[in-house]
file model_33.txt (compact mmCIF, C-alpha atoms)
# COMPACT_ATOMS: atom_id res chain seq x y z
CA MET A 1 11.58 -10.69 1.47
CA GLU A 2 9.90 -8.06 3.67
CA ASP A 3 11.10 -5.34 1.28
CA PHE A 4 8.90 -6.87 -1.43
CA GLU A 5 5.73 -7.12 0.66
CA ILE A 6 3.71 -4.58 -1.33
CA LEU A 7 0.27 -6.09 -0.92
CA ARG A 8 0.22 -5.68 2.86
CA ASN A 9 0.52 -1.90 2.39
CA ILE A 10 -2.31 -1.71 -0.16
CA THR A 11 -5.60 -1.19 1.63
CA ILE A 12 -7.76 0.23 -1.18
CA GLY A 13 -9.90 -2.41 -2.87
CA GLN A 14 -9.84 -4.97 -0.07
CA TYR A 15 -12.98 -6.07 1.77
CA LEU A 16 -12.97 -7.14 5.41
CA ALA A 17 -16.03 -9.11 6.50
CA LEU A 18 -16.74 -7.69 9.95
CA ASP A 19 -19.90 -7.21 11.96
CA SER A 20 -20.13 -3.44 12.38
CA PHE A 21 -22.67 -0.69 11.93
CA ILE A 22 -20.87 0.68 8.87
CA HIS A 23 -20.75 -2.75 7.23
CA LYS A 24 -24.52 -3.07 7.66
CA MET A 25 -25.34 0.36 6.20
CA ASP A 26 -27.15 0.64 2.89
CA PRO A 27 -24.42 1.01 0.22
CA ARG A 28 -26.29 3.93 -1.36
CA VAL A 29 -26.24 5.81 1.95
CA LYS A 30 -22.61 4.82 2.44
CA LEU A 31 -21.62 6.15 -0.98
CA PHE A 32 -23.58 9.38 -0.51
CA CYS A 33 -22.06 9.97 2.93
CA PHE A 34 -18.63 9.21 1.47
CA ALA A 35 -19.20 11.85 -1.22
CA LEU A 36 -20.29 14.43 1.38
CA ILE A 37 -17.24 13.85 3.58
CA VAL A 38 -14.94 13.99 0.54
CA ALA A 39 -16.53 17.31 -0.42
CA ALA A 40 -15.99 18.58 3.13
CA VAL A 41 -12.32 17.53 2.95
CA THR A 42 -11.97 19.27 -0.42
CA PHE A 43 -13.40 22.63 0.69
CA CYS A 44 -11.91 22.79 4.19
CA THR A 45 -8.62 24.72 4.24
CA SER A 46 -8.21 25.48 7.95
CA TYR A 47 -6.11 23.72 10.59
CA MET A 48 -9.03 23.32 12.99
CA GLY A 49 -11.37 22.02 10.30
CA ASN A 50 -8.89 19.36 9.19
CA VAL A 51 -8.22 18.32 12.78
CA ILE A 52 -11.96 17.76 13.18
CA LEU A 53 -12.07 15.84 9.90
CA LEU A 54 -9.17 13.62 10.99
CA VAL A 55 -10.91 12.86 14.28
CA VAL A 56 -14.17 12.02 12.47
CA VAL A 57 -12.43 9.82 9.89
CA PHE A 58 -10.58 7.78 12.51
CA ALA A 59 -13.74 7.60 14.62
CA LEU A 60 -15.47 6.02 11.60
CA VAL A 61 -12.59 3.55 11.27
CA ALA A 62 -12.97 2.61 14.93
CA LEU A 63 -16.75 2.34 14.49
CA SER A 64 -16.22 -0.12 11.64
CA LYS A 65 -14.11 -2.31 13.99
CA ILE A 66 -11.13 -2.10 11.62
CA PRO A 67 -7.73 -1.76 13.36
CA ILE A 68 -6.52 1.82 12.84
CA ARG A 69 -2.96 0.56 12.36
CA TYR A 70 -4.11 -1.63 9.49
CA ALA A 71 -6.02 1.26 7.91
CA LEU A 72 -2.86 3.40 8.08
CA ASN A 73 -0.79 0.79 6.23
CA GLY A 74 -2.01 2.25 2.95
CA LEU A 75 -0.15 5.49 3.72
CA LYS A 76 3.31 3.90 3.65
CA PRO A 77 3.69 3.75 -0.17
CA ALA A 78 2.47 7.37 -0.42
CA ILE A 79 4.85 8.89 2.14
CA PRO A 80 7.63 9.76 -0.39
CA PHE A 81 5.07 11.48 -2.63
CA MET A 82 3.60 13.39 0.33
CA VAL A 83 7.06 14.57 1.42
CA PHE A 84 7.98 15.65 -2.11
CA LEU A 85 4.68 17.53 -2.52
CA ALA A 86 5.08 19.26 0.84
CA VAL A 87 8.62 20.41 0.00
CA MET A 88 7.49 21.79 -3.37
CA GLN A 89 4.56 23.62 -1.78
CA ILE A 90 6.70 25.13 0.98
CA LEU A 91 9.59 26.28 -1.25
CA PHE A 92 7.77 27.41 -4.40
CA TYR A 93 4.62 29.01 -2.98
CA THR A 94 3.99 32.56 -4.28
CA PRO A 95 1.81 35.29 -2.73
CA SER A 96 -0.55 35.13 -5.73
CA PHE A 97 -1.90 31.81 -4.35
CA ALA A 98 -2.62 33.28 -0.93
CA GLY A 99 -6.00 34.66 -1.92
CA GLY A 100 -5.62 37.90 0.02
CA GLN A 101 -4.26 36.28 3.19
CA ASN A 102 -1.55 37.97 5.21
CA CYS A 103 1.51 35.77 4.92
CA THR A 104 4.64 36.10 7.03
CA VAL A 105 7.86 35.31 5.18
CA LEU A 106 9.89 32.59 6.90
CA PHE A 107 12.66 32.09 4.33
CA ARG A 108 13.60 33.67 0.98
CA PHE A 109 16.41 32.83 -1.41
CA GLY A 110 16.01 33.99 -5.00
CA ILE A 111 12.80 32.57 -6.45
CA ILE A 112 12.45 30.26 -3.45
CA GLU A 113 10.22 31.67 -0.74
CA SER A 114 8.71 30.04 2.32
CA ASN A 115 5.99 31.71 4.36
CA THR A 116 3.24 30.87 6.80
CA CYS A 117 0.71 30.42 3.99
CA SER A 118 2.88 27.85 2.21
CA LEU A 119 3.40 26.02 5.50
CA GLN A 120 -0.36 25.91 6.08
CA LEU A 121 -0.94 24.67 2.53
CA ALA A 122 1.56 21.85 2.98
CA ILE A 123 0.11 20.75 6.33
CA VAL A 124 -3.50 20.95 5.12
CA SER A 125 -2.65 19.08 1.90
CA ALA A 126 -0.99 16.28 3.86
CA ALA A 127 -4.01 16.06 6.19
CA ARG A 128 -6.36 15.95 3.19
CA PHE A 129 -4.31 13.18 1.59
CA VAL A 130 -4.51 11.09 4.77
CA GLU A 131 -8.25 11.72 5.13
CA LEU A 132 -9.05 10.81 1.52
CA LEU A 133 -6.90 7.69 1.49
CA VAL A 134 -8.28 6.38 4.79
CA LEU A 135 -11.86 7.19 3.69
CA THR A 136 -11.43 5.32 0.39
CA SER A 137 -9.91 2.36 2.22
CA LEU A 138 -12.76 2.39 4.72
CA LEU A 139 -15.32 2.36 1.90
CA THR A 140 -13.81 -0.74 0.32
CA PHE A 141 -13.14 -2.37 3.70
CA SER A 142 -16.84 -2.25 4.55
CA THR A 143 -18.51 -2.73 1.15
CA THR A 144 -18.37 -5.69 -1.21
CA VAL A 145 -17.78 -5.28 -4.93
CA THR A 146 -21.41 -6.21 -5.70
CA GLU A 147 -22.74 -3.64 -3.23
CA LEU A 148 -20.45 -0.94 -4.62
CA THR A 149 -21.58 -1.66 -8.18
CA LEU A 150 -25.31 -1.78 -7.42
CA GLY A 151 -25.15 1.18 -5.04
CA THR A 152 -23.33 3.38 -7.55
CA GLU A 153 -25.68 2.31 -10.33
CA GLN A 154 -28.80 3.13 -8.32
CA LEU A 155 -27.42 6.51 -7.29
CA LEU A 156 -26.77 7.30 -10.96
CA SER A 157 -30.04 5.77 -12.18
CA PRO A 158 -31.87 9.14 -12.50
CA LEU A 159 -29.43 9.99 -15.30
CA LYS A 160 -30.53 6.99 -17.36
CA ARG A 161 -33.36 9.04 -18.86
CA PHE A 162 -30.62 11.08 -20.56
CA ASN A 163 -29.03 7.88 -21.96
CA PHE A 164 -26.30 8.00 -19.33
CA PRO A 165 -24.60 4.56 -19.01
CA ALA A 166 -25.02 4.32 -15.25
CA HIS A 167 -24.51 0.55 -15.01
CA GLU A 168 -21.48 0.50 -17.28
CA LEU A 169 -19.83 3.40 -15.46
CA ALA A 170 -20.50 1.85 -12.05
CA LEU A 171 -19.10 -1.49 -13.21
CA THR A 172 -15.98 0.16 -14.68
CA MET A 173 -15.28 2.15 -11.53
CA THR A 174 -15.77 -0.89 -9.32
CA ILE A 175 -13.53 -3.12 -11.43
CA ALA A 176 -10.79 -0.46 -11.40
CA LEU A 177 -11.03 -0.18 -7.63
CA ARG A 178 -11.13 -3.93 -7.12
CA PHE A 179 -8.02 -4.55 -9.23
CA VAL A 180 -5.78 -2.26 -7.15
CA PRO A 181 -4.73 -5.07 -4.73
CA THR A 182 -4.59 -7.52 -7.64
CA PHE A 183 -2.01 -5.44 -9.49
CA ALA A 184 -0.12 -4.84 -6.24
CA GLU A 185 0.12 -8.60 -5.79
CA GLU A 186 1.24 -8.96 -9.42
CA LEU A 187 3.94 -6.30 -8.95
CA GLU A 188 5.12 -8.07 -5.79
CA ARG A 189 5.38 -11.37 -7.68
CA ILE A 190 7.36 -9.75 -10.52
CA MET A 191 9.75 -8.05 -8.08
CA LYS A 192 10.44 -11.31 -6.24
CA ALA A 193 11.02 -13.10 -9.55
CA GLN A 194 13.45 -10.40 -10.71
CA ALA A 195 15.28 -10.39 -7.36
CA SER A 196 15.65 -14.18 -7.45
CA ARG A 197 17.43 -13.75 -10.80
CA GLY A 198 19.91 -11.29 -9.30
CA ALA A 199 18.27 -8.00 -10.27
CA ASP A 200 19.21 -4.97 -8.16
CA LEU A 201 15.92 -3.35 -7.09
CA GLY A 202 17.59 -0.62 -5.04
CA GLN A 203 16.57 -1.94 -1.63
CA HIS A 204 19.79 -0.84 0.03
CA GLY A 205 22.02 2.22 0.03
CA ARG A 206 21.80 5.87 1.06
CA LEU A 207 19.64 7.02 -1.86
CA ARG A 208 17.23 4.14 -1.39
CA PHE A 209 14.14 6.00 -2.60
CA VAL A 210 15.84 7.19 -5.82
CA ARG A 211 17.30 3.75 -6.49
CA GLN A 212 13.94 2.06 -5.90
CA THR A 213 12.20 4.49 -8.27
CA ARG A 214 14.71 3.83 -11.03
CA ALA A 215 14.56 0.08 -10.43
CA LEU A 216 10.76 0.06 -10.75
CA LEU A 217 10.85 1.40 -14.31
CA PRO A 218 11.78 -1.99 -15.89
CA LEU A 219 8.91 -3.57 -13.93
CA ILE A 220 6.29 -1.37 -15.60
CA VAL A 221 6.39 -3.27 -18.92
CA PRO A 222 5.62 -6.76 -17.50
CA LEU A 223 3.04 -5.24 -15.14
CA PHE A 224 1.38 -3.45 -18.08
CA LEU A 225 1.35 -6.66 -20.11
CA SER A 226 -0.16 -8.51 -17.17
CA ALA A 227 -2.87 -5.87 -16.87
CA LEU A 228 -3.75 -6.25 -20.56
CA ARG A 229 -3.86 -10.03 -20.19
CA ARG A 230 -6.15 -9.82 -17.18
CA ALA A 231 -8.39 -7.33 -18.99
CA GLU A 232 -8.68 -9.70 -21.94
CA GLU A 233 -9.51 -12.61 -19.65
CA LEU A 234 -12.16 -10.51 -17.92
CA VAL A 235 -13.73 -9.55 -21.26
CA LEU A 236 -13.83 -13.18 -22.39
CA ALA A 237 -15.37 -14.26 -19.08
CA MET A 238 -18.07 -11.57 -19.34
CA GLU A 239 -18.84 -12.53 -22.95
CA ALA A 240 -19.01 -16.22 -22.00
CA ARG A 241 -21.67 -15.26 -19.44
CA CYS A 242 -23.60 -13.32 -22.12
CA TYR A 243 -23.02 -9.92 -20.57
CA VAL A 244 -24.68 -7.23 -22.73
CA GLY A 245 -24.66 -4.20 -20.43
CA GLY A 246 -27.15 -2.76 -18.00
CA LYS A 247 -30.23 -2.59 -20.22
CA GLY A 248 -32.90 -5.02 -19.05
CA ARG A 249 -30.77 -6.48 -16.26
CA THR A 250 -32.24 -7.47 -12.91
CA ASN A 251 -30.47 -7.55 -9.55
CA ILE A 252 -30.38 -10.34 -7.00
CA LEU A 253 -29.84 -7.78 -4.22
CA HIS A 254 -32.50 -5.25 -3.25
CA PHE A 255 -31.62 -2.50 -0.81
CA GLU A 256 -33.99 -0.95 1.69
CA PHE A 257 -33.45 2.12 3.81
CA LYS A 258 -33.49 1.52 7.55
CA SER A 259 -34.00 4.04 10.30
CA SER A 260 -30.28 3.84 11.14
CA ASP A 261 -29.45 4.77 7.53
CA TRP A 262 -31.61 7.90 7.76
CA VAL A 263 -29.92 8.85 11.04
CA ALA A 264 -26.44 8.39 9.54
CA LEU A 265 -27.38 10.38 6.44
CA THR A 266 -28.78 13.22 8.56
CA LEU A 267 -25.73 13.38 10.82
CA VAL A 268 -23.27 13.37 7.91
CA SER A 269 -25.28 16.05 6.08
CA LEU A 270 -25.28 18.28 9.17
CA PHE A 271 -21.55 17.68 9.59
CA PHE A 272 -20.96 18.65 5.95
CA VAL A 273 -22.93 21.88 6.34
CA GLY A 274 -21.08 22.67 9.57
CA ILE A 275 -17.64 22.18 7.99
CA LEU A 276 -18.61 24.43 5.08
CA PHE A 277 -20.22 27.31 6.96
CA ILE A 278 -18.56 27.45 10.39
CA PRO A 279 -15.83 30.14 10.22
CA PHE A 280 -12.82 28.38 11.70
CA PRO A 281 -10.12 30.82 12.91
CA LEU A 282 -7.28 29.05 11.12

call {"tool": "encode", "arguments": {"input": "model_33.txt", "output": "structure tokens"}}
result
Amino acid sequence: MEDFEILRNITIGQYLALDSFIHKMDPRVKLFCFALIVAAVTFCTSYMGNVILLVVVFALVALSKIPIRYALNGLKPAIPFMVFLAVMQILFYTPSFAGGQNCTVLFRFGIIESNTCSLQLAIVSAARFVELLVLTSLLTFSTTVTELTLGTEQLLSPLKRFNFPAHELALTMTIALRFVPTFAEELERIMKAQASRGADLGQHGRLRFVRQTRALLPLIVPLFLSALRRAEELVLAMEARCYVGGKGRTNILHFEFKSSDWVALTLVSLFFVGILFIPFPL
């Protein structure tokens, strides 16, 4: 049954109650710092810059007292996609995407061309994927659903004067994030039920990845129906509790900035500026 253990490889959306500095941070500061680091990952295209970002991301994981091996479990389901994306970038990269860089051709066969620029793009894209996935997992590892909702709502609260539904958007985003492990558990249950009835889910053979992909297609329909059922149950539960949206609502939690939050915000802001403006050689 180890082939069907999907939930153990899904790290996004799970909260780990640990006693660390990152867990104790104000969720608004945490979300703002998360946005700054994500922006730094997005704009950094150099080898050196992404090495620094990887070191910082894993240092944050260590600071949160979360085992790095556990944080990396979320990469396992994404490895086939990362490999496929890297192959496409290396083989079908054209000089028009180089942006004026000098690229050395490594391989050329018809329309297929591989050069140093395509190799850099593939490596940087893989590093970015790892950084973003680990960062998102770290955010949910160290922040409860209530803190994520209230923190996002308060960060978006200045837009309420323009009739922006800050509370509703924050609640929707948080529910979507929270249900990632729930649907992974549901998919795992459906796969085990199908396998117990003799279904071939492509767990063995040479073309295991292709067979698994084809075998997952019949599982989409029951998973989709389960998602609709859970959504309906959630709506009924919210209506039973007289939920009417964010207007006039009060919060049981009240956040206050601490000196450590200001220090963390300052350090992350300086790091963001450094990543953007330091001219890395590669």

call {"tool": "residues_around", "arguments": {"input": "model_33.txt", "residues": "Glu153 of chain A", "least_positions_apart": "6", "cutoff": "12 Å", "atoms": "only C-alpha atoms", "output": "PyMOL selection string"}}
result
chain A and resi 27-28+31+146-147+159-160+164-174+246-247+249+251

call {"tool": "closest_atom_pairs", "arguments": {"input": "model_33.txt", "of": "segment 124-242 of chain A", "to": "segment 253-268 of chain A", "cutoff": "12 Å", "atoms": "all atoms listed in the file", "output": "JSON lines"}}
result
{"residue": "A:Thr146", "atom": "CA", "partner": "A:Leu253", "partner_atom": "CA", "distance": 8.7}
{"residue": "A:Glu147", "atom": "CA", "partner": "A:Leu253", "partner_atom": "CA", "distance": 8.3}
{"residue": "A:Leu148", "atom": "CA", "partner": "A:Leu253", "partner_atom": "CA", "distance": 11.6}
{"residue": "A:Thr149", "atom": "CA", "partner": "A:Leu253", "partner_atom": "CA", "distance": 11.0}
{"residue": "A:Leu150", "atom": "CA", "partner": "A:Leu253", "partner_atom": "CA", "distance": 8.2}
{"residue": "A:Gly151", "atom": "CA", "partner": "A:Phe255", "partner_atom": "CA", "distance": 8.6}
{"residue": "A:Gln154", "atom": "CA", "partner": "A:Phe255", "partner_atom": "CA", "distance": 9.8}
{"residue": "A:Leu155", "atom": "CA", "partner": "A:Phe255", "partner_atom": "CA", "distance": 11.9}

call {"tool": "residues_around", "arguments": {"input": "model_33.txt", "residues": "segment 71-87 of chain A", "least_positions_apart": "6", "cutoff": "10 Å", "atoms": "only C-alpha atoms", "output": "PyMOL selection string"}}
result
chain A and resi 6-12+58+61-62+93+114+118-119+121-127+129-130+133-135+137-138+141+209

call {"tool": "write_last_selection", "arguments": {"input": "model_33.txt", "atoms": "C-alpha atoms", "output": "compact mmCIF listing (two decimals), in the frame of the given file"}}
result
# COMPACT_ATOMS: atom_id res chain seq x y z
CA ILE A 6 3.71 -4.58 -1.33
CA LEU A 7 0.27 -6.09 -0.92
CA ARG A 8 0.22 -5.68 2.86
CA ASN A 9 0.52 -1.90 2.39
CA ILE A 10 -2.31 -1.71 -0.16
CA THR A 11 -5.60 -1.19 1.63
CA ILE A 12 -7.76 0.23 -1.18
CA PHE A 58 -10.58 7.78 12.51
CA VAL A 61 -12.59 3.55 11.27
CA ALA A 62 -12.97 2.61 14.93
CA TYR A 93 4.62 29.01 -2.98
CA SER A 114 8.71 30.04 2.32
CA SER A 118 2.88 27.85 2.21
CA LEU A 119 3.40 26.02 5.50
CA LEU A 121 -0.94 24.67 2.53
CA ALA A 122 1.56 21.85 2.98
CA ILE A 123 0.11 20.75 6.33
CA VAL A 124 -3.50 20.95 5.12
CA SER A 125 -2.65 19.08 1.90
CA ALA A 126 -0.99 16.28 3.86
CA ALA A 127 -4.01 16.06 6.19
CA PHE A 129 -4.31 13.18 1.59
CA VAL A 130 -4.51 11.09 4.77
CA LEU A 133 -6.90 7.69 1.49
CA VAL A 134 -8.28 6.38 4.79
CA LEU A 135 -11.86 7.19 3.69
CA SER A 137 -9.91 2.36 2.22
CA LEU A 138 -12.76 2.39 4.72
CA PHE A 141 -13.14 -2.37 3.70
CA PHE A 209 14.14 6.00 -2.60

call {"tool": "residues_near_point", "arguments": {"input": "model_33.txt", "point": "(-22.1, -4.5, 7.6)", "cutoff": "12 Å", "atoms": "all atoms listed in the file", "output": "MDAnalysis selection string"}}
result
chainID A and resid 15:27 30 63:66 138:144 147 261

call {"tool": "residues_around", "arguments": {"input": "model_33.txt", "residues": "Phe179 of chain A", "least_positions_apart": "2", "cutoff": "10 Å", "atoms": "only C-alpha atoms", "output": "ChimeraX atom specification"}}
result
/A:12-14,174-177,181-185,227,230

call {"tool": "write_last_selection", "arguments": {"input": "model_33.txt", "atoms": "C-alpha atoms", "output": "PDB file, in the coordinates of the input"}}
result
ATOM      1  CA  ILE A  12      -7.760   0.230  -1.180  1.00  0.00           C
ATOM      2  CA  GLY A  13      -9.900  -2.410  -2.870  1.00  0.00           C
ATOM      3  CA  GLN A  14      -9.840  -4.970  -0.070  1.00  0.00           C
ATOM      4  CA  THR A 174     -15.770  -0.890  -9.320  1.00  0.00           C
ATOM      5  CA  ILE A 175     -13.530  -3.120 -11.430  1.00  0.00           C
ATOM      6  CA  ALA A 176     -10.790  -0.460 -11.400  1.00  0.00           C
ATOM      7  CA  LEU A 177     -11.030  -0.180  -7.630  1.00  0.00           C
ATOM      8  CA  PRO A 181      -4.730  -5.070  -4.730  1.00  0.00           C
ATOM      9  CA  THR A 182      -4.590  -7.520  -7.640  1.00  0.00           C
ATOM     10  CA  PHE A 183      -2.010  -5.440  -9.490  1.00  0.00           C
ATOM     11  CA  ALA A 184      -0.120  -4.840  -6.240  1.00  0.00           C
ATOM     12  CA  GLU A 185       0.120  -8.600  -5.790  1.00  0.00           C
ATOM     13  CA  ALA A 227      -2.870  -5.870 -16.870  1.00  0.00           C
ATOM     14  CA  ARG A 230      -6.150  -9.820 -17.180  1.00  0.00           C
TER      15      ARG A 230
END

call {"tool": "residues_around", "arguments": {"input": "model_33.txt", "residues": "segment 275-277 of chain A", "least_positions_apart": "4", "cutoff": "8 Å", "atoms": "all atoms listed in the file", "output": "PyMOL selection string"}}
result
chain A and resi 40+43-44+49+271

call {"tool": "axis_aligned_box", "arguments": {"input": "model_33.txt", "around": "segment 260-270 of chain A", "padding_each_side": "4 Å", "output": "AutoDock Vina command-line options"}}
result
--center_x -27.4 --center_y 11.1 --center_z 8.6 --size_x 16.3 --size_y 22.4 --size_z 13.1

call {"tool": "closest_residue", "arguments": {"input": "model_33.txt", "among": "A:Gly198, A:Phe280, A:Ala240, A:Ile190", "to": "Pro222 of chain A", "atoms": "all atoms listed in the file"}}
result
A:Ile190

call {"tool": "atom_distance", "arguments": {"input": "model_33.txt", "atom1": "atom CA of Asn102 of chain A", "atom2": "atom CA of Cys117 of chain A"}}
result
8.0 Å

call {"tool": "atom_distance", "arguments": {"input": "model_33.txt", "atom1": "atom CA of Glu131 of chain A", "atom2": "atom CA of Ala35 of chain A"}}
result
12.7 Å

call {"tool": "atom_distance", "arguments": {"input": "model_33.txt", "atom1": "atom CA of Pro281 of chain A", "atom2": "atom CA of Ser46 of chain A"}}
result
7.5 Å
